[in-house]
Structures are given as structure tokens and as C-alpha cells.
Amino acid sequence: MREGNLQAPTRHPLDWKSPDFHDEGKLMQEMERVFDICHGCRRCVSLCQSFPNLFDLVDATADGEVHGIPKDDYWKVVDQCYLCDLCYMTKCPYTPPHEWNLDFPHLMLRAKAVKHQKGEVQAKEKLLASTDTHGQFAGIPIVVDVVNRLNAAKPMRKLLESQLGVDAEAWLPSLAGQRFRWGRAMNDTTHVVTHGQRTPGKVAIFATCYVNYNEPGIGEDLLKVLAHNKIPYEIVEKEQCCGMPKLELGDLEGVERAWAANMPVLARYAKEGWAILSAIPSCTLMFKQELPLMFPDDADTQLVKESMWDPFEYLVARHKDGLLATDFNTALGKVSYHIPCHGRVQNIGRKTEEMFKLIGTKVELKLNTVERCSGHAGTYGVKSGTHATAMKIGKPVFKSMAKDEPNYIASDCALAGHHIAQGMAQLGTPAKSLLHPLSLMRAAYGIA
């Protein structure tokens, strides 16, 4: 085997408009080529279920080679990929600029797009990925109460499993009584704009479906932290889902529709010099990586990419500019913090961990950082066909998060946080308290 590539991975644009992209025959040829390379390497076996499935298929052939796998069985590999990108960013030695030009996640995305175009994605999967559709019930008091009660009832969960493929044992988010973008999330432009060498001095917030419909408290905590630091902020004028759930299904036309709705709005903020923050790593990654790779020639998309920040990436840079308040006055005790996959692959470093360490210089904070996939991965963690596998993938994380009986567990990905809390409870080590890192930062400031 040739030596791997020692240079940083270079991502090529996704050529999804090409006729060859949806050619199933050419797709199968490329999968056979890539699977053969993966079979000879096997470094990614511990990342997700795609690779164990692939290697089991190879090992079951007569001669132990990829060419012996029936092509229909390739989908057993594709269906287990949840596009976390960790194989590309952290494990694979054959990514571009290596001559073998291996991009496993984009190959899986191409396969999912072929499957979607063939009409083989089930209606219940499409509904599960339509976050703006079922989020419309949020904020309607009577409806919210009824829906949340039903979702907590075992008979309804069994019905959801049979009709929508949502595993009856999986944690599901509640609908919020009031959406983040309604009322409480008022704009605050009263402070003076103070630009730093590294940071714009004003922030536009892309709420995300999850914060808007399910946990508006995360957004409120971000607003409180910004206000405490006298940073003017504005909730973006309007928004749709970022498109990540559609991407995971291979519905690239659905992603394009979301892009067409969001990009003109966000581009205006980028052109006016705002830092755009998103508190959900998958949404941030969508604007930083996936959309720029899908629309490489669109100037607005590339401009938004440069203006999009993870909240802690922005806050740590603000500190380096000498413009962040460090008057932390409330001890947090022991904190087990999980770095989610879509945070790791943004190539920004461990910014949330840096912030926790800064807080720890002022008040008591003992930090336990866990850097491994929780297994949740969006809809993958709640589907009846994959929930059990998601819990299995996350088991090492559940055990690590329970180390030293922490006062708090936290993850930048709120969904992963709840998944971890569920897994810890199943192992008999329930979390004392689950809070988002932004909520913990607000608590450390002592902000009411």
C-alpha cells in the first residue's frame, strides 16, 4: 500500500449538477474503487456502522475482496452513514491532494442523492427531516401541551414507531411554548459597535430550527452573554431550516430551496459587517462547508461562509481581542463536556473547551472533555432502524461523560447532549444536570 497523504485534507466542490453525479452505474464503479481502498486500510472501523458493515461484507466473500460483494449490498454501507465527516477530517490518509482522491462522505452523499432521485426515500423519512413543518406547532399553547403529552405517552410512541419510524425508546425534543424568534428574542442594538482585530463588533443570530422550536432557552442564554459583553445583536430578519436534514437524505434540490431562501438574507448581514452566529453546530457547518461546496461559484455563499461563526469561536476570538468580559463569579464545579462531530470538523479548534478553561481561571471548574461521536447524528439517533446502533456507538461516550460524577454534562450539540443523558441513565449513571455550554457560561457570569 502506498503511503498516505500527510497534508491537510482539501475538499473539492460537490459536482452535483453534473449528469454523471446521478448515474447509478458510475456511482457503483466509484463505490467499488473507494471500498477497495477502505478495505485495505480499515482505520475508520471504530467511527460509525458504515465501515464495520463494509468490512463484514468483504470478509464474507469467497476471496475476501470487494469485487465479490453484490452491488445491492452497497446500500448497507450507505444507509449507515450520517455524514459526520470524521473519516475525511480525522482518519483517512487518502483524501485530496492524495492521488487516490478519496472523499468517503461525499461519495455517500452522492449515493443518497441517487437513492432520493429514484424515489426510494420513504415519505416518513422526508417528514422527519422537515423541521420547519412540524416546528410550526411550537408556540401554540394548547397544541404544544397536547403534542408534548402525547409524545411522552407510550401508546403514542408505539404509534409513532409504526407510522413514522421513530423508535419508541428514543429521546424526542419537546415543542417550545414560545418560539425563540417571537417576543422574547428582541433585537438589542443599544450598545456601541466595537470591532476587534479578529472580530466584528456586532452579531446577527441565525436562530436554527431547534433553538426556535424546541429549546429557545439556548438562544436566550446567547443573548444574555452578548448583552453582558455589550455586543449589539440582531436576530436575522427571516430564516428557513439550514438544509442539513435534507442533505442527510440526499435531497439536494430541497437543500437548494433552503439555500435560495436563506442566502440573500444572510448575505446582507455579511456585507454590512455582521458576525453571523448559529448555536447548533450542524447549522453552522452547513453555511461554513456544505453550502459553499454545493455552490462554489456563488459570491454571496462564499461571503456568508467567511462571516459565519460558532458562538464560542467568536467569543474566544473576542477575548483575544481584549474585548470579552471575564467577571465570572459563579463556580460550576465538575463539568463533563462533549465535543460533537459537526463541531470538530469545522477546523476551528476546541473553542468551547478554551472558554471553559478561561472560566476556570476565575472560578472553580474541573473539566472533563470527551471527543468522540455520541452516535446521535440528527435523525439517525431516533429512527427505529438505527436508534439501537446509535446507542451502541455512543456507549464509550456515555461512560466517559460519567467520570468523577460531574455536576453538569454539556455538548454544543443539544441533541447529542440529550442522547448522552439518556445513555448515561441506561448505564445507571444519570447526569445530575444537562445544560448547553452557553447556559453554563451565563451561569458562570451569574446572569439572572
# chains A, B, ... in the order shown; residues from 1 in each chain; ligands from 1
>>> residues_around(residues="Glu353 in chain A", least_positions_apart="2", cutoff="9 Å", atoms="only C-alpha atoms", output="PyMOL selection string")
chain A and resi 312+337+339+350-351+355-358+367+369
>>> closest_atom_pairs(of="range 197-258 of chain A", to="range 81-105 of chain A", cutoff="12 Å", atoms="only C-alpha atoms", output="JSON lines")
{"residue": "A:Met244", "atom": "CA", "partner": "A:Leu83", "partner_atom": "CA", "distance": 9.9}
{"residue": "A:Pro245", "atom": "CA", "partner": "A:Tyr82", "partner_atom": "CA", "distance": 10.1}
{"residue": "A:Lys246", "atom": "CA", "partner": "A:Tyr82", "partner_atom": "CA", "distance": 11.8}
{"residue": "A:Leu247", "atom": "CA", "partner": "A:Leu83", "partner_atom": "CA", "distance": 8.9}
{"residue": "A:Glu248", "atom": "CA", "partner": "A:Tyr82", "partner_atom": "CA", "distance": 6.5}
{"residue": "A:Leu249", "atom": "CA", "partner": "A:Tyr82", "partner_atom": "CA", "distance": 9.1}
{"residue": "A:Gly250", "atom": "CA", "partner": "A:Leu83", "partner_atom": "CA", "distance": 10.5}
>>> write_last_selection(atoms="N, CA and C atoms", output="mmCIF file, in the first residue's frame")
data_model
loop_
_atom_site.group_PDB
_atom_site.id
_atom_site.type_symbol
_atom_site.label_atom_id
_atom_site.label_comp_id
_atom_site.auth_asym_id
_atom_site.auth_seq_id
_atom_site.Cartn_x
_atom_site.Cartn_y
_atom_site.Cartn_z
ATOM 1 N N MET A 244 -29.637 21.013 6.498
ATOM 2 C CA MET A 244 -28.877 19.832 6.884
ATOM 3 C C MET A 244 -29.731 18.552 6.911
ATOM 4 N N PRO A 245 -30.957 18.564 7.469
ATOM 5 C CA PRO A 245 -31.755 17.333 7.436
ATOM 6 C C PRO A 245 -32.038 16.853 6.016
ATOM 7 N N LYS A 246 -32.243 17.779 5.087
ATOM 8 C CA LYS A 246 -32.461 17.410 3.692
ATOM 9 C C LYS A 246 -31.176 16.833 3.088
ATOM 10 N N LEU A 247 -30.038 17.415 3.447
ATOM 11 C CA LEU A 247 -28.755 16.920 2.955
ATOM 12 C C LEU A 247 -28.549 15.469 3.373
ATOM 13 N N GLU A 248 -28.878 15.155 4.624
ATOM 14 C CA GLU A 248 -28.700 13.801 5.132
ATOM 15 C C GLU A 248 -29.541 12.779 4.381
ATOM 16 N N LEU A 249 -30.631 13.227 3.754
ATOM 17 C CA LEU A 249 -31.479 12.341 2.949
ATOM 18 C C LEU A 249 -31.017 12.259 1.497
ATOM 19 N N GLY A 250 -30.105 13.137 1.101
ATOM 20 C CA GLY A 250 -29.727 13.211 -0.299
ATOM 21 C C GLY A 250 -30.668 14.065 -1.122
#
>>> select_by_dssp(residues="range 100-235 of chain A", states="strand (DSSP E or B)", output="VMD selection string")
chain A and resid 166 188 203 to 206 233 to 235
>>> write_last_selection(atoms="C-alpha atoms", output="PDB file, in the first residue's frame")
ATOM      1  CA  VAL A 166     -39.435   6.955  15.269  1.00  0.00           C
ATOM      2  CA  ASP A 188     -30.505  44.837  21.079  1.00  0.00           C
ATOM      3  CA  VAL A 203     -23.693  39.915  15.834  1.00  0.00           C
ATOM      4  CA  ALA A 204     -26.542  38.594  13.682  1.00  0.00           C
ATOM      5  CA  ILE A 205     -28.072  35.409  15.077  1.00  0.00           C
ATOM      6  CA  PHE A 206     -29.336  32.600  12.859  1.00  0.00           C
ATOM      7  CA  TYR A 233     -27.020  41.835  18.247  1.00  0.00           C
ATOM      8  CA  GLU A 234     -29.887  41.279  15.883  1.00  0.00           C
ATOM      9  CA  ILE A 235     -31.974  38.195  15.131  1.00  0.00           C
TER      10      ILE A 235
END
>>> closest_residue(among="A:Glu220, A:Glu24, A:Glu161, A:Asp298", to="His387 in chain A", atoms="only C-alpha atoms")
A:Glu161
>>> closest_residue(among="A:Gly381, A:Leu223, A:Asp56, A:Leu332", to="Leu365 in chain A", atoms="only C-alpha atoms")
A:Leu332
>>> residues_around(residues="range 145-157 of chain A", least_positions_apart="5", cutoff="9 Å", atoms="only C-alpha atoms", output="PyMOL selection string")
chain A and resi 137+140+162+166-169+172-175+177
>>> closest_atom_pairs(of="range 309-393 of chain A", to="range 264-283 of chain A", cutoff="6 Å", atoms="only C-alpha atoms", output="Markdown table")
| residue | atom | partner | partner_atom | distance |
| --- | --- | --- | --- | --- |
| A:Trp309 | CA | A:Leu277 | CA | 5.0 |
| A:Asp310 | CA | A:Leu277 | CA | 5.9 |
| A:Pro311 | CA | A:Leu277 | CA | 5.7 |
| A:His342 | CA | A:Pro281 | CA | 5.5 |
| A:Gly343 | CA | A:Pro281 | CA | 5.4 |
>>> residues_around(residues="range 116-130 of chain A", least_positions_apart="4", cutoff="12 Å", atoms="only C-alpha atoms", output="ChimeraX atom specification")
/A:21-24,75,79,109-112,134-136,160-166,172,209-210,240-255,258,378-385
>>> write_last_selection(atoms="N, CA and C atoms", output="short mmCIF file (atom, residue, chain, number, x, y, z; two decimals), in the first residue's frame")
data_model
loop_
_atom_site.label_atom_id
_atom_site.label_comp_id
_atom_site.auth_asym_id
_atom_site.auth_seq_id
_atom_site.Cartn_x
_atom_site.Cartn_y
_atom_site.Cartn_z
N PHE A 21 -23.28 12.65 -11.93
CA PHE A 21 -23.45 12.57 -10.48
C PHE A 21 -24.55 11.58 -10.11
N HIS A 22 -25.65 11.58 -10.86
CA HIS A 22 -26.79 10.71 -10.56
C HIS A 22 -26.80 9.45 -11.42
N ASP A 23 -25.71 9.16 -12.13
CA ASP A 23 -25.61 7.94 -12.93
C ASP A 23 -25.28 6.77 -11.99
N GLU A 24 -26.23 5.87 -11.80
CA GLU A 24 -26.05 4.82 -10.80
C GLU A 24 -24.92 3.87 -11.17
N TRP A 75 -25.69 -0.64 -0.43
CA TRP A 75 -26.61 0.25 0.28
C TRP A 75 -26.58 0.00 1.79
N ASP A 79 -26.53 3.41 3.91
CA ASP A 79 -27.61 3.74 4.84
C ASP A 79 -27.14 3.95 6.27
N LEU A 109 -22.92 10.80 0.18
CA LEU A 109 -23.92 11.81 -0.15
C LEU A 109 -24.41 11.62 -1.58
N ARG A 110 -23.50 11.35 -2.49
CA ARG A 110 -23.89 11.10 -3.88
C ARG A 110 -24.81 9.89 -3.96
N ALA A 111 -24.48 8.83 -3.22
CA ALA A 111 -25.34 7.64 -3.22
C ALA A 111 -26.72 7.95 -2.66
N LYS A 112 -26.77 8.73 -1.60
CA LYS A 112 -28.06 9.11 -1.03
C LYS A 112 -28.86 9.96 -2.02
N HIS A 134 -42.97 20.38 11.15
CA HIS A 134 -43.50 20.02 12.48
C HIS A 134 -43.16 21.07 13.52
N GLY A 135 -42.23 21.98 13.23
CA GLY A 135 -41.96 23.07 14.16
C GLY A 135 -43.04 24.13 14.18
N GLN A 136 -43.93 24.13 13.18
CA GLN A 136 -44.97 25.14 13.13
C GLN A 136 -45.96 25.04 14.29
N LEU A 160 -46.03 6.23 16.79
CA LEU A 160 -45.01 6.95 16.03
C LEU A 160 -43.99 5.99 15.43
N GLU A 161 -43.69 4.94 16.17
CA GLU A 161 -42.74 3.96 15.67
C GLU A 161 -43.30 3.22 14.46
N SER A 162 -44.55 2.82 14.53
CA SER A 162 -45.14 2.06 13.43
C SER A 162 -45.44 2.91 12.21
N GLN A 163 -45.82 4.18 12.44
CA GLN A 163 -46.24 5.02 11.32
C GLN A 163 -45.13 5.91 10.77
N LEU A 164 -44.23 6.40 11.65
CA LEU A 164 -43.20 7.34 11.21
C LEU A 164 -41.79 6.80 11.38
N GLY A 165 -41.65 5.61 11.94
CA GLY A 165 -40.32 5.03 12.09
C GLY A 165 -39.49 5.68 13.17
N VAL A 166 -40.15 6.34 14.14
CA VAL A 166 -39.43 6.95 15.27
C VAL A 166 -39.38 5.94 16.41
N LEU A 172 -37.05 12.30 22.41
CA LEU A 172 -37.58 13.26 21.44
C LEU A 172 -37.66 14.64 22.09
N CYS A 209 -33.66 25.85 13.55
CA CYS A 209 -34.96 25.24 13.84
C CYS A 209 -35.04 24.77 15.29
N TYR A 210 -33.96 24.12 15.75
CA TYR A 210 -34.02 23.53 17.08
C TYR A 210 -34.16 24.59 18.17
N GLN A 240 -35.18 30.06 7.11
CA GLN A 240 -35.71 28.72 6.98
C GLN A 240 -34.69 27.75 7.56
N CYS A 241 -35.06 26.47 7.60
CA CYS A 241 -34.11 25.44 8.00
C CYS A 241 -32.84 25.57 7.16
N CYS A 242 -31.70 25.33 7.76
CA CYS A 242 -30.42 25.46 7.05
C CYS A 242 -30.29 24.45 5.92
N GLY A 243 -31.04 23.34 5.98
CA GLY A 243 -31.00 22.33 4.94
C GLY A 243 -30.26 21.07 5.32
N MET A 244 -29.64 21.01 6.50
CA MET A 244 -28.88 19.83 6.88
C MET A 244 -29.73 18.55 6.91
N PRO A 245 -30.96 18.56 7.47
CA PRO A 245 -31.75 17.33 7.44
C PRO A 245 -32.04 16.85 6.02
N LYS A 246 -32.24 17.78 5.09
CA LYS A 246 -32.46 17.41 3.69
C LYS A 246 -31.18 16.83 3.09
N LEU A 247 -30.04 17.41 3.45
CA LEU A 247 -28.76 16.92 2.95
C LEU A 247 -28.55 15.47 3.37
N GLU A 248 -28.88 15.15 4.62
CA GLU A 248 -28.70 13.80 5.13
C GLU A 248 -29.54 12.78 4.38
N LEU A 249 -30.63 13.23 3.75
CA LEU A 249 -31.48 12.34 2.95
C LEU A 249 -31.02 12.26 1.50
N GLY A 250 -30.10 13.14 1.10
CA GLY A 250 -29.73 13.21 -0.30
C GLY A 250 -30.67 14.07 -1.12
N ASP A 251 -31.52 14.83 -0.45
CA ASP A 251 -32.47 15.71 -1.14
C ASP A 251 -31.77 17.04 -1.45
N LEU A 252 -30.94 17.04 -2.47
CA LEU A 252 -30.14 18.22 -2.77
C LEU A 252 -30.98 19.34 -3.35
N GLU A 253 -32.07 18.99 -4.02
CA GLU A 253 -32.97 20.03 -4.51
C GLU A 253 -33.65 20.73 -3.33
N GLY A 254 -33.98 19.97 -2.27
CA GLY A 254 -34.54 20.58 -1.07
C GLY A 254 -33.54 21.49 -0.38
N VAL A 255 -32.27 21.08 -0.39
CA VAL A 255 -31.21 21.92 0.15
C VAL A 255 -31.11 23.22 -0.65
N ALA A 258 -33.80 25.71 0.35
CA ALA A 258 -33.47 26.37 1.62
C ALA A 258 -32.37 27.41 1.41
N GLY A 378 -28.33 13.54 14.27
CA GLY A 378 -29.58 14.00 13.68
C GLY A 378 -30.68 12.96 13.77
N THR A 379 -31.33 12.68 12.65
CA THR A 379 -32.44 11.73 12.66
C THR A 379 -31.97 10.29 12.85
N TYR A 380 -30.70 10.02 12.62
CA TYR A 380 -30.16 8.66 12.77
C TYR A 380 -30.43 8.13 14.18
N GLY A 381 -30.28 8.98 15.17
CA GLY A 381 -30.41 8.54 16.55
C GLY A 381 -31.82 8.27 17.01
N VAL A 382 -32.83 8.68 16.23
CA VAL A 382 -34.21 8.48 16.65
C VAL A 382 -34.97 7.49 15.77
N LYS A 383 -34.41 7.11 14.63
CA LYS A 383 -35.12 6.18 13.74
C LYS A 383 -35.12 4.77 14.33
N SER A 384 -36.22 4.07 14.13
CA SER A 384 -36.35 2.73 14.70
C SER A 384 -35.32 1.76 14.16
N GLY A 385 -34.84 1.99 12.93
CA GLY A 385 -33.86 1.08 12.36
C GLY A 385 -32.44 1.33 12.81
#
>>> residues_around(residues="range 37-43 of chain A", least_positions_apart="4", cutoff="8 Å", atoms="only C-alpha atoms", output="list of chain:residue names")
A:Met1, A:Arg33, A:Phe51, A:Leu54, A:Phe55, A:Val58, A:Val66, A:Lys91, A:Cys92
>>> write_last_selection(atoms="N, CA and C atoms", output="mmCIF file, in the first residue's frame")
data_model
loop_
_atom_site.group_PDB
_atom_site.id
_atom_site.type_symbol
_atom_site.label_atom_id
_atom_site.label_comp_id
_atom_site.auth_asym_id
_atom_site.auth_seq_id
_atom_site.Cartn_x
_atom_site.Cartn_y
_atom_site.Cartn_z
ATOM 1 N N MET A 1 0.843 -1.199 0.000
ATOM 2 C CA MET A 1 0.000 0.000 0.000
ATOM 3 C C MET A 1 0.880 1.251 0.000
ATOM 4 N N ARG A 33 -14.326 1.251 -6.197
ATOM 5 C CA ARG A 33 -12.955 1.751 -6.101
ATOM 6 C C ARG A 33 -12.634 2.206 -4.676
ATOM 7 N N PHE A 51 -18.494 1.412 8.238
ATOM 8 C CA PHE A 51 -17.247 0.689 7.990
ATOM 9 C C PHE A 51 -17.289 -0.755 8.485
ATOM 10 N N LEU A 54 -19.186 -2.583 5.855
ATOM 11 C CA LEU A 54 -18.390 -2.796 4.653
ATOM 12 C C LEU A 54 -17.400 -3.944 4.855
ATOM 13 N N PHE A 55 -16.690 -3.923 5.959
ATOM 14 C CA PHE A 55 -15.656 -4.936 6.164
ATOM 15 C C PHE A 55 -16.271 -6.325 6.386
ATOM 16 N N VAL A 58 -17.039 -7.606 2.938
ATOM 17 C CA VAL A 58 -15.814 -8.069 2.274
ATOM 18 C C VAL A 58 -15.390 -9.425 2.816
ATOM 19 N N VAL A 66 -13.354 -6.905 -2.419
ATOM 20 C CA VAL A 66 -14.539 -6.070 -2.621
ATOM 21 C C VAL A 66 -15.334 -6.487 -3.849
ATOM 22 N N LYS A 91 -9.279 10.721 9.984
ATOM 23 C CA LYS A 91 -8.728 9.373 9.863
ATOM 24 C C LYS A 91 -8.096 9.057 8.511
ATOM 25 N N CYS A 92 -8.761 9.451 7.421
ATOM 26 C CA CYS A 92 -8.387 8.962 6.094
ATOM 27 C C CYS A 92 -7.058 9.544 5.616
#
>>> atom_distance(atom1="CA of Lys432 in chain A", atom2="CA of Glu405 in chain A")
8.2 Å
>>> select_by_dssp(residues="range 234-409 of chain A", states="helix (DSSP H, G or I)", output="PyMOL selection string")
chain A and resi 244-249+252-271+281-294+299-307+311-320+341-344+351-360+378-381+387-401
>>> closest_residue(among="A:Gln422, A:Asn262, A:Thr386, A:Thr194", to="Trp171 in chain A", atoms="only C-alpha atoms")
A:Gln422
>>> residues_around(residues="His338 in chain A", least_positions_apart="6", cutoff="9 Å", atoms="only C-alpha atoms", output="list in words")
Asn368, Thr369, Val370, Glu371, Arg372, Cys373, Ser374, Val397, Met401, Ile409, Ala410, Ser411, Asp412, Cys413, Ala416 and Gly417 of chain A
>>> residues_around(residues="Met391 in chain A", least_positions_apart="2", cutoff="8 Å", atoms="only C-alpha atoms", output="list in words")
Ser374, Gly375, His376, Gly381, His387, Ala388, Thr389, Ile393, Gly394, Lys395 and Gly423 of chain A
>>> closest_residue(among="A:Gly349, A:Pro406, A:Gly360, A:Pro70", to="Ser433 in chain A", atoms="only C-alpha atoms")
A:Pro406
>>> atom_distance(atom1="CA of Val77 in chain A", atom2="CA of Leu427 in chain A")
28.6 Å
>>> atom_distance(atom1="CA of Val34 in chain A", atom2="CA of Leu107 in chain A")
8.6 Å
>>> closest_residue(among="A:Lys366, A:Lys399, A:Arg179, A:Lys76", to="Gly217 in chain A", atoms="only C-alpha atoms")
A:Arg179
